[in-house]
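*Asks:* To be precise about what I am sending: the file is called entry-v2.cif and holds mmCIF, C-alpha atoms.
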```cif
data_final
loop_
_atom_site.label_atom_id
_atom_site.label_comp_id
_atom_site.auth_asym_id
_atom_site.auth_seq_id
_atom_site.Cartn_x
_atom_site.Cartn_y
_atom_site.Cartn_z
CA MET A 1 17.28 69.18 -15.25
CA LEU A 2 18.52 65.55 -15.16
CA GLU A 3 15.13 64.16 -14.22
CA THR A 4 13.35 66.30 -16.83
CA THR A 5 15.68 65.02 -19.57
CA ALA A 6 15.31 61.45 -18.31
CA LEU A 7 11.51 61.68 -18.38
CA ASN A 8 11.57 63.03 -21.93
CA VAL A 9 13.84 60.17 -23.05
CA LEU A 10 11.66 57.54 -21.35
CA LYS A 11 8.58 58.85 -23.13
CA LYS A 12 9.99 59.53 -26.60
CA CYS A 13 12.67 56.86 -26.96
CA LEU A 14 11.32 53.96 -24.89
CA ASN A 15 7.59 54.71 -24.77
CA ILE A 16 7.29 53.29 -21.26
CA LYS A 17 3.74 52.31 -20.46
CA LYS A 18 1.91 51.84 -17.19
CA GLY A 19 2.38 48.30 -15.97
CA GLU A 20 5.74 47.68 -17.65
CA LYS A 21 8.51 46.41 -15.38
CA VAL A 22 11.64 48.57 -15.49
CA LEU A 23 15.17 47.61 -14.41
CA ILE A 24 17.88 50.25 -14.09
CA ILE A 25 21.42 48.90 -13.97
CA THR A 26 24.25 51.17 -12.84
CA ASP A 27 27.54 51.26 -10.93
CA LYS A 28 29.06 53.51 -8.30
CA ASN A 29 30.23 56.07 -10.90
CA LYS A 30 26.84 56.67 -12.51
CA GLU A 31 24.43 56.56 -9.56
CA LYS A 32 23.33 60.21 -9.82
CA ILE A 33 22.16 59.80 -13.41
CA ALA A 34 20.70 56.37 -12.62
CA ASN A 35 18.65 57.91 -9.82
CA SER A 36 17.23 60.50 -12.22
CA PHE A 37 16.02 57.67 -14.49
CA PHE A 38 14.68 55.78 -11.46
CA ASN A 39 12.63 58.79 -10.27
CA ALA A 40 11.41 59.56 -13.79
CA SER A 41 10.41 55.92 -14.38
CA LYS A 42 8.35 55.91 -11.16
CA LYS A 43 6.18 58.63 -12.71
CA LEU A 44 5.29 56.31 -15.60
CA THR A 45 4.98 52.86 -14.03
CA LYS A 46 4.95 51.27 -10.58
CA GLU A 47 7.48 48.44 -10.74
CA VAL A 48 10.94 50.00 -11.03
CA ILE A 49 14.11 48.44 -9.61
CA LEU A 50 17.58 49.98 -9.44
CA LEU A 51 20.46 47.50 -9.37
CA LYS A 52 24.13 48.37 -8.81
CA ILE A 53 26.86 46.19 -10.35
CA PRO A 54 30.67 46.34 -10.11
CA VAL A 55 32.50 48.69 -12.48
CA ALA A 56 33.67 46.58 -15.45
CA LYS A 57 37.26 46.65 -16.68
CA VAL A 58 36.53 47.24 -20.37
CA HIS A 59 33.61 48.01 -22.69
CA GLY A 60 31.79 44.84 -23.67
CA SER A 61 32.46 42.91 -20.46
CA GLU A 62 29.58 40.70 -19.34
CA PRO A 63 27.73 41.58 -16.11
CA PRO A 64 27.60 39.00 -13.28
CA SER A 65 25.67 35.87 -14.33
CA LYS A 66 22.92 36.43 -11.74
CA VAL A 67 22.37 39.94 -13.14
CA ALA A 68 22.20 38.59 -16.69
CA SER A 69 19.47 36.13 -15.65
CA PHE A 70 17.59 38.83 -13.74
CA MET A 71 17.57 41.09 -16.82
CA ARG A 72 15.35 38.65 -18.68
CA LYS A 73 12.46 39.26 -16.27
CA PHE A 74 11.88 42.92 -17.29
CA ASP A 75 10.07 44.79 -20.05
CA VAL A 76 12.49 47.73 -20.08
CA ILE A 77 16.17 47.85 -19.13
CA ILE A 78 18.07 51.13 -18.79
CA ALA A 79 21.81 50.86 -18.21
CA PRO A 80 23.73 54.04 -17.33
CA THR A 81 27.09 52.38 -16.58
CA SER A 82 30.78 53.22 -16.77
CA LYS A 83 31.48 50.50 -19.34
CA SER A 84 29.21 49.38 -22.14
CA LEU A 85 26.69 46.56 -21.86
CA THR A 86 25.51 47.18 -25.44
CA HIS A 87 27.32 44.32 -27.15
CA THR A 88 27.03 41.76 -24.34
CA LYS A 89 25.27 38.41 -24.43
CA ALA A 90 23.28 39.56 -21.38
CA SER A 91 21.71 42.48 -23.25
CA GLN A 92 21.04 40.41 -26.37
CA LYS A 93 19.33 37.64 -24.39
CA ALA A 94 17.20 40.18 -22.51
CA ALA A 95 16.10 41.66 -25.83
CA LYS A 96 15.28 38.21 -27.20
CA SER A 97 13.03 37.76 -24.16
CA GLY A 98 11.06 40.84 -25.27
CA ALA A 99 12.78 43.70 -23.44
CA LYS A 100 13.51 47.19 -24.68
CA VAL A 101 17.17 47.62 -23.71
CA ALA A 102 18.69 51.11 -23.57
CA THR A 103 22.41 51.31 -22.78
CA LEU A 104 24.10 54.57 -21.78
CA PRO A 105 27.77 53.62 -21.32
CA GLY A 106 29.89 56.45 -19.92
CA ILE A 107 26.92 58.83 -19.72
CA THR A 108 27.73 62.20 -18.14
CA GLU A 109 25.75 65.28 -17.18
CA GLU A 110 27.41 67.09 -20.09
CA ILE A 111 25.98 64.53 -22.51
CA THR A 112 22.49 64.86 -21.01
CA LYS A 113 22.66 68.57 -21.88
CA GLN A 114 23.96 68.01 -25.44
CA SER A 115 23.25 64.98 -27.64
CA LEU A 116 20.51 63.56 -25.38
CA THR A 117 18.44 66.72 -26.03
CA ALA A 118 18.41 66.23 -29.83
CA ASP A 119 15.16 66.12 -31.76
CA PHE A 120 15.33 62.43 -32.60
CA SER A 121 12.86 62.83 -35.47
CA LYS A 122 15.58 64.93 -37.18
CA VAL A 123 18.21 62.34 -36.30
CA GLU A 124 15.97 59.66 -37.77
CA LYS A 125 15.56 61.53 -41.08
CA LEU A 126 19.31 62.07 -41.43
CA THR A 127 20.06 58.43 -40.58
CA HIS A 128 17.57 57.22 -43.20
CA LYS A 129 19.11 59.60 -45.75
CA LEU A 130 22.49 57.96 -45.25
CA TYR A 131 20.93 54.51 -45.36
CA SER A 132 19.49 55.24 -48.82
CA LYS A 133 23.05 55.86 -50.03
CA LEU A 134 24.59 52.84 -48.29
CA LYS A 135 22.00 50.06 -48.40
CA ASN A 136 23.08 48.47 -51.70
CA ALA A 137 26.82 49.02 -51.43
CA LYS A 138 29.12 46.00 -51.57
CA THR A 139 32.29 47.93 -50.73
CA ILE A 140 32.99 50.89 -48.45
CA LYS A 141 36.18 52.95 -48.69
CA ILE A 142 37.16 55.42 -45.95
CA LEU A 143 39.81 58.13 -46.26
CA THR A 144 40.69 60.78 -43.66
CA PRO A 145 43.04 63.79 -43.55
CA SER A 146 45.01 61.99 -40.81
CA GLY A 147 45.88 59.12 -43.14
CA THR A 148 43.20 56.44 -42.74
CA ASN A 149 42.81 54.50 -45.97
CA ILE A 150 40.75 51.36 -45.55
CA ILE A 151 38.31 49.20 -47.51
CA LEU A 152 35.63 46.99 -45.96
CA HIS A 153 32.60 45.01 -47.04
CA PRO A 154 29.41 45.69 -45.06
CA ARG A 155 26.72 43.39 -43.74
CA LYS A 156 23.18 44.56 -43.12
CA TRP A 157 23.08 48.17 -41.91
CA ILE A 158 21.58 48.97 -38.51
CA LEU A 159 19.93 52.35 -37.94
CA ASP A 160 20.29 53.79 -34.43
CA THR A 161 17.69 56.55 -34.40
CA GLY A 162 16.77 56.80 -30.72
CA VAL A 163 13.52 54.84 -30.91
CA ILE A 164 13.98 51.56 -29.00
CA LYS A 165 11.30 48.90 -29.40
CA LYS A 166 10.63 45.49 -27.85
CA TYR A 167 13.17 42.80 -28.72
CA SER A 168 15.94 45.32 -29.37
CA VAL A 169 19.03 46.92 -27.85
CA GLY A 170 19.78 50.60 -28.47
CA ASN A 171 22.32 53.19 -27.41
CA LEU A 172 21.26 56.49 -25.85
CA PRO A 173 22.00 59.14 -26.89
CA ALA A 174 21.40 57.78 -30.37
CA GLY A 175 22.46 58.88 -33.81
CA GLU A 176 24.42 56.55 -36.07
CA ILE A 177 24.18 54.02 -38.86
CA PHE A 178 26.47 51.04 -38.49
CA CYS A 179 27.25 47.49 -39.59
CA ALA A 180 29.49 44.54 -38.83
CA PRO A 181 31.90 44.25 -41.78
CA LEU A 182 32.34 40.78 -43.25
CA GLU A 183 35.09 38.92 -41.37
CA ARG A 184 38.54 38.63 -42.96
CA LYS A 185 37.66 41.11 -45.70
CA THR A 186 38.86 44.46 -44.31
CA ASP A 187 42.26 45.76 -45.38
CA GLY A 188 44.16 49.04 -45.08
CA ILE A 189 45.43 51.52 -42.52
CA ILE A 190 43.56 53.16 -39.64
CA VAL A 191 44.98 56.36 -38.17
CA ILE A 192 43.16 57.13 -34.94
CA ASP A 193 41.94 60.69 -34.34
CA SER A 194 40.43 59.97 -30.91
CA MET A 195 40.14 56.85 -28.81
CA GLN A 196 39.41 57.82 -25.24
CA ASP A 197 36.59 57.62 -22.75
CA ASN A 198 36.21 59.91 -19.73
CA GLY A 199 39.95 60.46 -19.41
CA GLU A 200 40.96 56.87 -20.18
CA VAL A 201 43.05 56.93 -23.37
CA TYR A 202 43.00 53.60 -25.21
CA ALA A 203 45.31 54.82 -27.96
CA PRO A 204 46.87 58.26 -28.55
CA LYS A 205 45.92 60.45 -31.47
CA GLY A 206 47.91 59.47 -34.55
CA THR A 207 48.21 55.78 -33.63
CA ASN A 208 48.64 53.74 -36.83
CA ILE A 209 46.99 50.33 -37.17
CA VAL A 210 47.63 48.09 -40.16
CA VAL A 211 44.63 45.89 -40.92
CA LEU A 212 45.04 42.67 -42.87
CA GLU A 213 42.24 40.23 -43.67
CA GLY A 214 39.86 41.68 -41.09
CA ASN A 215 42.23 41.92 -38.13
CA ALA A 216 44.57 44.51 -36.66
CA ALA A 217 47.92 42.99 -37.64
CA ILE A 218 50.30 45.78 -36.60
CA ILE A 219 49.84 48.64 -34.14
CA VAL A 220 52.51 51.31 -33.96
CA GLY A 221 53.32 52.65 -30.49
CA LYS A 222 52.56 51.62 -26.93
CA SER A 223 48.94 51.87 -25.77
CA LYS A 224 46.22 50.13 -23.78
CA LEU A 225 44.78 49.02 -27.10
CA GLU A 226 48.01 47.19 -27.93
CA THR A 227 47.80 45.40 -24.56
CA TYR A 228 44.16 44.44 -25.16
CA PHE A 229 45.06 43.08 -28.60
CA LYS A 230 47.58 40.77 -26.93
CA THR A 231 45.47 39.70 -23.95
CA ILE A 232 41.79 39.64 -25.03
CA LYS A 233 40.73 36.91 -27.39
CA ASN A 234 39.50 38.21 -30.77
CA GLY A 235 40.20 41.79 -29.70
CA THR A 236 41.88 42.49 -33.06
CA ASN A 237 38.72 41.73 -35.05
CA ILE A 238 37.34 44.64 -37.10
CA ALA A 239 33.92 44.54 -35.49
CA GLU A 240 32.03 47.61 -36.65
CA PHE A 241 31.95 50.52 -39.03
CA GLY A 242 29.59 53.39 -38.23
CA ILE A 243 28.79 56.98 -39.21
CA GLY A 244 27.50 59.58 -36.73
CA THR A 245 24.17 61.34 -37.35
CA ASN A 246 23.45 63.31 -34.17
CA TYR A 247 23.58 67.03 -34.98
CA LYS A 248 23.67 68.01 -31.30
CA ALA A 249 26.71 65.89 -30.45
CA LYS A 250 30.21 67.33 -30.07
CA VAL A 251 33.51 65.50 -29.59
CA ILE A 252 34.23 65.57 -25.84
CA GLY A 253 36.45 62.52 -25.30
CA ASN A 254 33.53 60.23 -24.43
CA THR A 255 32.83 57.32 -26.79
CA LEU A 256 29.08 57.28 -26.13
CA GLN A 257 28.75 60.76 -27.61
CA ASP A 258 31.81 60.98 -29.85
CA GLU A 259 30.74 58.08 -32.10
CA LYS A 260 27.41 59.86 -32.74
CA VAL A 261 28.92 63.19 -33.88
CA LEU A 262 27.79 64.29 -37.32
CA GLY A 263 30.88 64.60 -39.53
CA THR A 264 32.71 61.63 -37.97
CA CYS A 265 32.83 57.89 -38.47
CA HIS A 266 34.15 55.11 -36.25
CA ILE A 267 35.69 51.68 -36.50
CA ALA A 268 35.46 49.26 -33.58
CA PHE A 269 37.56 46.30 -32.53
CA GLY A 270 36.43 43.07 -30.84
CA ASN A 271 32.92 41.67 -30.50
CA ASN A 272 30.47 41.93 -33.41
CA THR A 273 27.93 39.22 -32.56
CA SER A 274 25.37 41.77 -31.34
CA MET A 275 25.17 43.26 -34.84
CA GLY A 276 25.06 40.14 -36.96
CA GLY A 277 28.74 39.21 -36.98
CA LYS A 278 30.38 35.88 -36.15
CA VAL A 279 33.18 36.88 -33.77
CA TYR A 280 32.66 37.05 -30.01
CA SER A 281 35.10 38.92 -27.77
CA LYS A 282 34.95 40.28 -24.24
CA MET A 283 35.67 43.76 -25.57
CA HIS A 284 34.24 46.24 -28.04
CA LEU A 285 36.21 49.49 -28.42
CA ASP A 286 35.64 52.29 -30.92
CA ALA A 287 38.20 54.48 -32.66
CA ILE A 288 36.82 57.84 -33.85
CA LEU A 289 37.87 59.24 -37.25
CA PHE A 290 37.40 62.93 -38.08
CA ASN A 291 36.27 64.52 -41.37
CA PRO A 292 36.07 61.27 -43.36
CA THR A 293 35.63 60.97 -47.08
CA ILE A 294 33.51 57.89 -47.74
CA TYR A 295 32.75 55.98 -50.92
CA ALA A 296 29.92 53.47 -51.23
CA ASP A 297 31.16 51.34 -54.13
CA LYS A 298 32.28 54.12 -56.51
CA ASN A 299 29.78 56.69 -55.24
CA LEU A 300 31.11 59.53 -53.10
CA ILE A 301 28.60 59.91 -50.25
CA MET A 302 30.59 62.01 -47.76
CA LYS A 303 33.43 64.47 -48.39
CA LYS A 304 35.56 65.61 -45.46
CA GLY A 305 32.71 64.99 -43.03
CA VAL A 306 29.91 66.53 -45.12
CA ILE A 307 27.11 64.30 -46.42
CA LEU A 308 26.60 64.92 -50.13
#
```
Mind turning this structure into structure tokens?
*Replies:*
Amino acid sequence: MLETTALNVLKKCLNIKKGEKVLIITDKNKEKIANSFFNASKKLTKEVILLKIPVAKVHGSEPPSKVASFMRKFDVIIAPTSKSLTHTKASQKAAKSGAKVATLPGITEEITKQSLTADFSKVEKLTHKLYSKLKNAKTIKILTPSGTNIILHPRKWILDTGVIKKYSVGNLPAGEIFCAPLERKTDGIIVIDSMQDNGEVYAPKGTNIVVLEGNAAIIVGKSKLETYFKTIKNGTNIAEFGIGTNYKAKVIGNTLQDEKVLGTCHIAFGNNTSMGGKVYSKMHLDAILFNPTIYADKNLIMKKGVIL
């Protein structure tokens, strides 16, 4: 089952061709899934290498420098890892060298049976539908039943549809539209509905965060997120706003899938340089918000999680 799903993803999402050089990066926690991608890749091209790296401490941590250099020698990079390489300099530099980079941070067998099996042509249509409503907006307002009430100003929107081309980095499973909000221009209150990843809780449900001028200024309650805000440079930066568009995804306490769930949105803290922002940090962590009501300028585009 794992290898069949992997082969389908390699063909439809990465379009791996004979002769392309493939690098699979993993760690000790994700070797089984990495091996399924290794075996599937060998059916499509000859030169496939599997490389194991240490488990990172937090999402957005850079891989070892030798690994980062090695990444730039490949046409395709697939990274089923415990912590995300998506927003790292290593992934961005590999993409600039011409690679198709697919990151699968926190991937589990459960995810391979759910959101990774989506018809990504459907996901693409839904993502483009949302883009048509968002593309000209200068201001985004988000409200949730839990109490989130925040206003931000978007940059260029990025569509994560599942099709990863040369010179780009994409998340798999895919299914979101996102942007890096303009720095120092986000204000309001975030009330977290879920912020956990494979049993690691970054902040409990109901955590309140006061955002002033684009940074988390006050966080109520003790949490790992509070510690990261104090110890990781630029960790308080409001890095991303995104809306999920994967109809197969369900909230399971895994960021990779949870941020893609249709009917949710997410706000991330830390690094935004991979999506056009100006703030670099050694972390990028997403808070998931349920059943949002979203306004693009004065236009209501989503009501309690339903796209209008």
*Asks:* From the set A:Pro145, A:Gly162, A:Gly277, A:Pro54, which residue has the shortest atom-to-atom contact distance to Pro292 (chain A), counting all atoms listed in the file?
*Replies:* A:Pro145
*Asks:* Apply the PyMOL selection byres ((chain A and resi 271) around 7) to the structure shown and report the selected residues as JSON, numbers by chain.
*Replies:* {"A": [239, 269, 270, 272, 273, 279, 280, 281, 282, 283, 284]}
*Asks:* Kindly resolve the PyMOL selection byres ((chain A and resi 101) around 6) on the present coordinates and return the residues as a ChimeraX atom specification.
*Replies:* /A:76-77,99-100,102,169
*Asks:* I need the residue nearest Asp193 (chain A) from this list: A:Ser168, A:Asn237, A:Asn291, A:Asn136. Use only C-alpha atoms for the distance.
*Replies:*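 Looking at the shortest contact to Asp193 (chain A), the residue is A:Asn291.
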*Asks:* Please list as a list in words every residue within 12 Å of Gly214 (chain A), counting only C-alpha atoms and excluding residues in the same chain fewer than 6 positions away.
*Replies:*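 My list of contacting residues is Ile150, Ile151, Leu152, His153, Pro154, Ala180, Pro181, Leu182, Glu183, Arg184, Lys185, Thr186, Asp187, Gly188, Ile189, Asn234, Gly235, Thr236, Asn237, Ile238, Ala239, Glu240, Ile267, Ala268, Phe269, Gly270 and Val279 of chain A.
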*Asks:* For the contact check between region 6-77 of chain A and region 115-135 of chain A, emit one row per residue of region 6-77 of chain A within 12 Å, containing the shortest atom pair and the distance in Å rounded to one decimal, counting all atoms listed in the file, chain then rising number order, as a tab-separated table.
*Replies:*
```
residue	atom	partner	partner_atom	distance
A:Ala6	CA	A:Leu116	CA	9.0
A:Leu7	CA	A:Thr117	CA	11.5
A:Asn8	CA	A:Thr117	CA	8.8
A:Val9	CA	A:Leu116	CA	7.8
A:Leu10	CA	A:Leu116	CA	11.4
A:Lys12	CA	A:Phe120	CA	8.5
A:Cys13	CA	A:Phe120	CA	8.4
```
*Asks:* Point out the residue among A:Ala56, A:Leu262, A:Val48, A:Cys179 with the least atom-to-atom distance to Ile288 (chain A), counting all atoms listed in the file.
*Replies:* A:Leu262
*Asks:* Take CA of Ile307 (chain A) and CA of Lys250 (chain A) and report the distance between them in Å, one decimal.
*Replies:*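 A separation of 16.9 Å between them.
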*Asks:* Can you spell out as a ChimeraX atom specification the set of residues that the PyMOL selection byres ((chain A and resi 207) around 7) selects in the structure I just provided?
*Replies:* /A:191-192,203-206,208-209,220-221
*Asks:* So how far away is CA of Ser91 (chain A) from CA of Ser69 (chain A), in Å?
*Replies:* 10.2 Å
*Asks:* Which one is closest to Lys21 (chain A): A:Met1, A:Leu44, A:Ala34, A:Met195? Count all atoms listed in the file.
*Replies:*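 Using all atoms listed in the file, Lys21 (chain A) sits closest to A:Leu44.
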*Asks:* Please indicate the distance in Å from CA of Ile243 (chain A) to CA of Thr108 (chain A), rounded to one decimal place.
*Replies:*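 Straight-line distance from CA of Ile243 (chain A) to CA of Thr108 (chain A) works out to 21.7 Å.
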*Asks:* So, counting all atoms listed in the file, which residue among A:Gly60, A:Gly305, A:Gly263, A:Gly147 is closest to Ala249 (chain A)?
*Replies:*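 Smallest separation from Ala249 (chain A) among the options: A:Gly263.
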*Asks:* In terms of the shortest atom-to-atom distance over only C-alpha atoms, which of A:Ser36, A:Asn246, A:Ser82, A:Gln114 is closest to Thr161 (chain A)?
*Replies:* A:Asn246
*Asks:* Residues of region 77-139 of chain A that approach region 25-32 of chain A to 6 Å or less, counting only C-alpha atoms: could you list each one with the shortest pair of atoms and its distance in Å to one decimal, rows by chain and increasing residue number, as a tab-separated table?
*Replies:*
```
residue	atom	partner	partner_atom	distance
A:Ala79	CA	A:Ile25	CA	4.7
A:Pro80	CA	A:Thr26	CA	5.4
A:Thr81	CA	A:Thr26	CA	4.8
```
*Asks:* Using only C-alpha atoms, determine which residues lie at most 7 Å from Leu50 (chain A), disregarding the query and same-chain residues fewer than 4 positions distant; provide the list as a list in words.
*Replies:*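 In the requested format, the answer is Leu23, Ile24, Ile25 and Phe38 of chain A.
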*Asks:* Residues around (37.2, 56.6, -51.0), cut-off 6 Å, counting all atoms listed in the file - what are they as a PyMOL selection string?
*Replies:* chain A and resi 141-143+294-295
*Asks:* Can you spit out the residues from that selection as an mmCIF file, keeping the file's coordinate frame, using C-alpha atoms?
*Replies:*
```cif
data_model
loop_
_atom_site.group_PDB
_atom_site.id
_atom_site.type_symbol
_atom_site.label_atom_id
_atom_site.label_comp_id
_atom_site.auth_asym_id
_atom_site.auth_seq_id
_atom_site.Cartn_x
_atom_site.Cartn_y
_atom_site.Cartn_z
ATOM 1 C CA LYS A 141 36.180 52.950 -48.690
ATOM 2 C CA ILE A 142 37.160 55.420 -45.950
ATOM 3 C CA LEU A 143 39.810 58.130 -46.260
ATOM 4 C CA ILE A 294 33.510 57.890 -47.740
ATOM 5 C CA TYR A 295 32.750 55.980 -50.920
#
```
*Asks:* Give as number ranges by chain every residue, naming chains and numbers as the document does, that has an atom within 12 Å of (40.7, 57.3, -17.8), counting all atoms listed in the file.
*Replies:* A: 57-58, 82-83, 106, 195-203, 224, 253-255
*Asks:* Missing atoms in region 134-147 of chain A should be modelled up to N, CA and C atoms and reported as a JSON list (two decimals), keeping the file's coordinate frame.
*Replies:*
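Result file result-v4.json:
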```json
[["chain", "number", "residue", "atom", "x", "y", "z"],
["A", 134, "LEU", "N", 23.71, 53.95, -48.68],
["A", 134, "LEU", "CA", 24.59, 52.84, -48.29],
["A", 134, "LEU", "C", 23.99, 51.46, -48.51],
["A", 135, "LYS", "N", 22.67, 51.35, -48.54],
["A", 135, "LYS", "CA", 22.00, 50.06, -48.40],
["A", 135, "LYS", "C", 22.39, 49.02, -49.45],
["A", 136, "ASN", "N", 22.75, 49.44, -50.65],
["A", 136, "ASN", "CA", 23.08, 48.47, -51.70],
["A", 136, "ASN", "C", 24.58, 48.32, -51.95],
["A", 137, "ALA", "N", 25.38, 49.03, -51.19],
["A", 137, "ALA", "CA", 26.82, 49.02, -51.43],
["A", 137, "ALA", "C", 27.45, 47.69, -51.03],
["A", 138, "LYS", "N", 28.36, 47.22, -51.86],
["A", 138, "LYS", "CA", 29.12, 46.00, -51.57],
["A", 138, "LYS", "C", 30.48, 46.32, -50.95],
["A", 139, "THR", "N", 30.97, 47.52, -51.21],
["A", 139, "THR", "CA", 32.29, 47.93, -50.73],
["A", 139, "THR", "C", 32.23, 49.34, -50.18],
["A", 140, "ILE", "N", 32.89, 49.57, -49.04],
["A", 140, "ILE", "CA", 32.99, 50.89, -48.45],
["A", 140, "ILE", "C", 34.48, 51.25, -48.35],
["A", 141, "LYS", "N", 34.81, 52.46, -48.80],
["A", 141, "LYS", "CA", 36.18, 52.95, -48.69],
["A", 141, "LYS", "C", 36.18, 54.21, -47.84],
["A", 142, "ILE", "N", 37.08, 54.27, -46.86],
["A", 142, "ILE", "CA", 37.16, 55.42, -45.95],
["A", 142, "ILE", "C", 38.55, 56.04, -46.03],
["A", 143, "LEU", "N", 38.57, 57.35, -46.25],
["A", 143, "LEU", "CA", 39.81, 58.13, -46.26],
["A", 143, "LEU", "C", 39.67, 59.27, -45.26],
["A", 144, "THR", "N", 40.74, 59.62, -44.55],
["A", 144, "THR", "CA", 40.69, 60.78, -43.66],
["A", 144, "THR", "C", 41.93, 61.64, -43.84],
["A", 145, "PRO", "N", 41.86, 62.92, -43.47],
["A", 145, "PRO", "CA", 43.04, 63.79, -43.55],
["A", 145, "PRO", "C", 44.21, 63.29, -42.72],
["A", 146, "SER", "N", 43.93, 62.50, -41.67],
["A", 146, "SER", "CA", 45.01, 61.99, -40.81],
["A", 146, "SER", "C", 45.78, 60.84, -41.45],
["A", 147, "GLY", "N", 45.17, 60.20, -42.46],
["A", 147, "GLY", "CA", 45.88, 59.12, -43.14],
["A", 147, "GLY", "C", 45.17, 57.79, -43.20]]
```
